[in-house]
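S.K.: Below you'll find target.cif; it's mmCIF, C-alpha atoms and all ligand atoms.
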```
data_protein
#
loop_
_atom_site.label_atom_id
_atom_site.label_comp_id
_atom_site.auth_asym_id
_atom_site.auth_seq_id
_atom_site.Cartn_x
_atom_site.Cartn_y
_atom_site.Cartn_z
CA MET A 105 25.64 21.29 -8.52
CA LEU A 106 23.53 22.36 -5.59
CA ASN A 107 20.17 20.60 -5.81
CA ILE A 108 17.78 21.41 -2.98
CA VAL A 109 14.35 19.99 -2.22
CA LEU A 110 12.43 22.64 -0.30
CA PHE A 111 9.82 20.74 1.64
CA GLY A 112 6.90 21.49 3.94
CA PRO A 113 3.12 21.68 4.10
CA PRO A 114 1.04 24.21 2.13
CA GLY A 115 1.60 27.63 3.68
CA ALA A 116 5.00 26.73 5.15
CA GLY A 117 6.65 29.53 3.16
CA LYS A 118 8.34 27.44 0.45
CA GLY A 119 7.65 29.93 -2.37
CA THR A 120 8.79 32.94 -0.33
CA GLN A 121 11.99 31.26 0.81
CA ALA A 122 12.72 29.68 -2.60
CA ALA A 123 12.76 33.15 -4.16
CA LYS A 124 15.38 34.32 -1.64
CA ILE A 125 17.50 31.17 -1.87
CA LEU A 126 17.65 31.08 -5.66
CA GLU A 127 18.73 34.70 -5.79
CA LYS A 128 21.55 34.14 -3.29
CA TYR A 129 22.80 30.83 -4.72
CA GLN A 130 21.88 31.40 -8.40
CA LEU A 131 19.68 28.35 -8.71
CA ILE A 132 16.81 27.57 -11.07
CA HIS A 133 13.41 27.50 -9.36
CA LEU A 134 11.22 24.55 -10.29
CA SER A 135 7.80 24.82 -8.66
CA THR A 136 5.32 22.26 -9.97
CA GLY A 137 2.44 24.36 -8.58
CA ASP A 138 3.65 27.42 -10.55
CA ILE A 139 4.16 25.36 -13.73
CA LEU A 140 0.66 23.86 -13.41
CA ARG A 141 -0.90 27.30 -12.82
CA SER A 142 0.85 28.68 -15.89
CA GLU A 143 -0.37 25.70 -17.97
CA LEU A 144 -3.87 26.46 -16.71
CA ALA A 145 -3.57 30.16 -17.53
CA SER A 146 -2.62 29.17 -21.11
CA GLN A 147 -5.60 26.76 -21.17
CA THR A 148 -3.45 23.82 -22.30
CA THR A 149 -4.89 20.30 -22.17
CA LEU A 150 -2.47 19.48 -19.34
CA GLY A 151 -3.53 22.59 -17.39
CA LEU A 152 -7.24 21.94 -17.81
CA GLU A 153 -6.82 18.30 -16.75
CA ALA A 154 -4.73 19.32 -13.70
CA LYS A 155 -7.36 21.87 -12.63
CA LYS A 156 -9.77 19.06 -11.74
CA TYR A 157 -7.36 17.91 -9.03
CA MET A 158 -6.05 21.32 -7.96
CA ASP A 159 -9.55 22.71 -7.33
CA LYS A 160 -10.19 19.92 -4.81
CA GLY A 161 -6.78 20.14 -3.16
CA GLU A 162 -5.88 16.67 -4.49
CA LEU A 163 -2.57 15.69 -6.08
CA VAL A 164 -2.19 15.74 -9.86
CA PRO A 165 -1.13 12.24 -11.07
CA ASP A 166 2.57 11.38 -10.66
CA SER A 167 3.14 10.71 -14.38
CA VAL A 168 2.04 14.26 -15.25
CA VAL A 169 4.28 16.11 -12.78
CA ILE A 170 7.27 13.79 -13.30
CA GLY A 171 7.13 14.43 -17.06
CA MET A 172 6.89 18.19 -16.46
CA ILE A 173 9.93 18.25 -14.17
CA GLU A 174 11.98 16.08 -16.49
CA SER A 175 11.48 18.44 -19.42
CA LYS A 176 12.34 21.48 -17.25
CA ILE A 177 15.57 19.84 -16.03
CA ASP A 178 16.48 18.96 -19.60
CA SER A 179 15.81 22.47 -20.85
CA ASN A 180 18.12 23.95 -18.17
CA ALA A 181 21.33 22.08 -18.94
CA GLY A 182 24.28 24.03 -17.54
CA ALA A 183 22.34 25.28 -14.49
CA LYS A 184 24.32 25.69 -11.24
CA GLY A 185 21.56 23.76 -9.52
CA PHE A 186 17.85 23.55 -8.90
CA ILE A 187 15.52 24.33 -6.06
CA PHE A 188 12.57 21.96 -6.15
CA ASP A 189 9.51 23.56 -4.55
CA GLY A 190 6.34 21.49 -4.11
CA PHE A 191 8.04 18.49 -5.72
CA PRO A 192 8.48 15.61 -4.96
CA ARG A 193 5.12 15.18 -3.22
CA THR A 194 5.00 11.36 -3.26
CA THR A 195 7.63 8.68 -2.79
CA ALA A 196 7.16 7.66 -6.45
CA GLN A 197 8.03 11.23 -7.50
CA ALA A 198 11.11 11.21 -5.22
CA LYS A 199 12.33 7.94 -6.77
CA ALA A 200 11.77 9.26 -10.30
CA LEU A 201 13.68 12.46 -9.43
CA ASP A 202 16.62 10.45 -8.07
CA GLU A 203 16.74 8.45 -11.32
CA MET A 204 16.65 11.59 -13.47
CA LEU A 205 19.43 13.27 -11.49
CA GLU A 206 21.51 10.12 -11.36
CA GLU A 207 21.61 10.15 -15.17
CA LYS A 208 23.00 13.67 -14.98
CA GLY A 209 25.49 12.76 -12.23
CA ALA A 210 24.06 15.53 -10.01
CA PRO A 211 22.09 14.06 -7.09
CA ILE A 212 19.94 15.90 -4.56
CA THR A 213 22.25 17.67 -2.10
CA MET A 214 19.71 18.02 0.70
CA MET A 215 16.06 18.31 1.67
CA LEU A 216 15.25 21.41 3.71
CA ALA A 217 11.94 20.92 5.49
CA LEU A 218 10.11 23.95 6.90
CA GLU A 219 8.32 23.04 10.12
CA VAL A 220 5.20 25.10 10.89
CA GLU A 221 2.24 24.43 13.20
CA LYS A 222 -1.13 23.64 11.58
CA GLU A 223 -3.05 26.65 12.95
CA GLU A 224 -0.31 28.98 11.69
CA LEU A 225 -0.50 27.32 8.23
CA ILE A 226 -4.24 27.93 7.98
CA LYS A 227 -3.80 31.52 9.15
CA ARG A 228 -1.11 32.18 6.52
CA LEU A 229 -3.10 30.54 3.70
CA LEU A 230 -6.28 32.47 4.49
CA LEU A 231 -4.21 35.68 4.54
CA ARG A 232 -2.52 34.74 1.25
CA SER A 233 -5.95 34.11 -0.32
CA LYS A 234 -6.65 37.85 -0.22
CA GLU A 235 -3.67 38.56 -2.51
CA SER A 236 -2.92 35.38 -4.46
CA GLY A 237 -6.26 34.95 -6.22
CA ARG A 238 -5.62 31.21 -6.03
CA ALA A 239 -8.90 29.27 -6.10
CA ASP A 240 -7.47 26.63 -3.76
CA ASP A 241 -6.65 29.25 -1.09
CA GLN A 242 -10.17 30.66 -0.90
CA ASP A 243 -11.98 27.93 0.98
CA ARG A 244 -11.08 26.58 4.41
CA SER A 245 -12.28 23.05 3.53
CA ILE A 246 -9.97 22.93 0.46
CA ILE A 247 -7.08 24.19 2.62
CA GLU A 248 -7.82 21.51 5.23
CA ASN A 249 -7.89 18.88 2.48
CA ARG A 250 -4.51 20.01 1.13
CA ILE A 251 -3.05 19.67 4.62
CA LYS A 252 -4.65 16.20 4.96
CA VAL A 253 -3.25 15.12 1.56
CA TYR A 254 0.13 16.46 2.65
CA ASN A 255 0.05 14.40 5.86
CA ASN A 256 -1.10 11.22 4.11
CA GLU A 257 0.75 11.27 0.80
CA THR A 258 3.59 13.78 1.03
CA ALA A 259 4.92 13.55 4.61
CA PRO A 260 6.38 10.03 3.91
CA VAL A 261 8.77 11.64 1.38
CA GLN A 262 10.68 12.91 4.43
CA GLY A 263 11.61 9.32 5.30
CA PHE A 264 12.93 8.77 1.79
CA TYR A 265 15.52 11.52 2.22
CA GLU A 266 16.16 10.71 5.90
CA ALA A 267 17.23 7.22 4.80
CA GLN A 268 19.80 8.89 2.52
CA GLY A 269 21.02 11.18 5.33
CA LYS A 270 19.81 14.23 3.39
CA TYR A 271 16.94 15.46 5.57
CA GLU A 272 17.28 18.72 7.48
CA GLY A 273 14.37 20.10 9.55
CA ILE A 274 14.21 23.91 9.77
CA GLN A 275 12.09 25.89 12.24
CA GLY A 276 9.61 27.65 9.93
CA MET A 277 7.99 29.99 12.48
CA GLY A 278 9.18 33.57 12.95
CA SER A 279 10.19 36.34 10.59
CA ILE A 280 10.95 35.70 6.90
CA ASP A 281 14.53 36.87 7.40
CA ASP A 282 15.13 34.70 10.47
CA ILE A 283 13.89 31.63 8.61
CA PHE A 284 16.04 32.57 5.59
CA HIS A 285 19.14 32.76 7.82
CA ARG A 286 18.42 29.31 9.24
CA LEU A 287 18.10 27.93 5.70
CA CYS A 288 21.34 29.60 4.53
CA ASN A 289 23.23 28.24 7.53
CA ALA A 290 22.08 24.71 6.69
CA ILE A 291 23.00 25.14 3.00
CA ASP A 292 26.42 26.63 3.73
CA LEU A 293 27.28 23.70 6.00
CA LYS A 294 26.57 21.24 3.18
CA LYS A 295 28.02 23.17 0.26
P1 LIG B 301 1.36 24.33 -4.70
O1 LIG B 301 1.45 25.61 -5.47
O2 LIG B 301 2.68 23.65 -4.55
O3 LIG B 301 0.64 24.49 -3.39
O4 LIG B 301 0.47 23.33 -5.58
C1 LIG B 301 -0.88 23.63 -5.90
C2 LIG B 301 -1.58 22.37 -6.37
O5 LIG B 301 -0.94 21.87 -7.57
C3 LIG B 301 -1.55 21.19 -5.40
O6 LIG B 301 -2.58 21.26 -4.44
C4 LIG B 301 -1.72 20.00 -6.36
O7 LIG B 301 -3.06 19.88 -6.79
C5 LIG B 301 -0.90 20.45 -7.57
N1 LIG B 301 0.52 20.03 -7.45
C6 LIG B 301 1.61 20.85 -7.32
N2 LIG B 301 2.74 20.13 -7.25
C7 LIG B 301 2.37 18.83 -7.32
C8 LIG B 301 3.09 17.59 -7.26
N3 LIG B 301 4.42 17.55 -7.12
N4 LIG B 301 2.37 16.44 -7.36
C9 LIG B 301 1.05 16.46 -7.53
N5 LIG B 301 0.30 17.57 -7.56
C10 LIG B 301 0.95 18.76 -7.45
#
```
I'd like the structure from this file rewritten - as structure tokens, please.
M.R.:
Amino acid sequence: MLNIVLFGPPGAGKGTQAAKILEKYQLIHLSTGDILRSELASQTTLGLEAKKYMDKGELVPDSVVIGMIESKIDSNAGAKGFIFDGFPRTTAQAKALDEMLEEKGAPITMMLALEVEKEELIKRLLLRSKESGRADDQDRSIIENRIKVYNNETAPVQGFYEAQGKYEGIQGMGSIDDIFHRLCNAIDLKK
């Protein structure tokens, strides 16, 4: 199996690149942000509870997102692999993911981390806000908070994968196709 963690701050291009990678390598896309937004659209209890955190740019509790990912992995038995987008966002989530995948005998292959400068992130997110309709993209202070939360709570996840020799930094500035080629080169070297 090819199990990839696509990592990077909000606005790094994870969703855009995940769509291209999963098409090329036939992987299942697991985006916790997308799953939470679809729960919210269906007005489930989980979605309505998560909204309180999402609207402020805070993280939804670990137990909620870990449970969500576990059930998605279980319901996709037989998949060629997964691309994890926006997960894990804390070291506790990364540990839980390792345990889940260990049970299946299919560990994380690599973490691909998109590296983008802060001003470029804010520019991209404000641009995206015009099309995405996402409440958390509309306000510069919520965007700034998401980047702060990323730096404080999520950035340490890099060290978790570095310690396993699985971290790969990818230059995330430039055209979508150029970045995609860099990602494919890194994947093909590990496959
Ligand atoms: P995203 O679409 O990945 O930018 O996620 C949007 C929002 O959903 C985040 O700002 C968090 O509030 C929540 N969220 C998504 N993934 C996670 C996660 N792995 N852990 C905690 N909260 C998450």
S.K.: Find the residues near ligand LIG 301 (chain B). Use a cut-off of 10 Å, count all atoms listed in the file, and write them as a ChimeraX atom specification.
M.R.: /A:111-116,118-119,135-141,154-170,172-173,188-194,197-198,238-241,246-247,249-251,253-254,257-258
S.K.: Which is closest to A:Met105 among A:Thr149, A:Glu272, A:Leu205, A:Leu225, if we use only C-alpha atoms?
M.R.: A:Leu205
S.K.: Which one is closest to A:Gln262: A:Glu223, A:Lys295, A:Arg286, A:Leu110? Count all atoms listed in the file.
M.R.: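 Of A:Glu223, A:Lys295, A:Arg286, A:Leu110, the one nearest A:Gln262 is A:Leu110, counting all atoms listed in the file.
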S.K.: Would you place a box with edges along x, y and z of the file around all atoms of stretch 211-223 of chain A listed there, add 4 Å to each of its six sides, and report the centre and edge lengths in Å to one decimal, as lines of an AutoDock Vina configuration file?
M.R.:
```
center_x = 9.6
center_y = 20.4
center_z = 3.1
size_x = 33.3
size_y = 20.6
size_z = 28.3
```
S.K.: Could you check how far atom CA of A:Met215 sits from atom CA of A:Leu293, in Å to one decimal?
M.R.: 13.2 Å
S.K.: Compile the contact shell of A:Leu131 as a PyMOL selection string: residues with an atom at most 10 Å away, counting only C-alpha atoms, same-chain residues fewer than 4 positions apart removed.
M.R.: chain A and resi 105-108+122-123+125-127+183-188
S.K.: Under the rule that all atoms listed in the file are counted, which of A:Gln130, A:Ser245, A:Thr213, A:Ser142 is the nearest residue to A:Tyr271?
M.R.: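 Residue with the minimum atom-to-atom distance to A:Tyr271: A:Thr213.
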S.K.: Given only C-alpha atoms as the basis, pick out the residue of A:Glu207, A:Gly269, A:Glu153, A:Met214 nearest to A:Asp292.
M.R.: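 Ranked by minimum distance to A:Asp292, first place goes to A:Met214.
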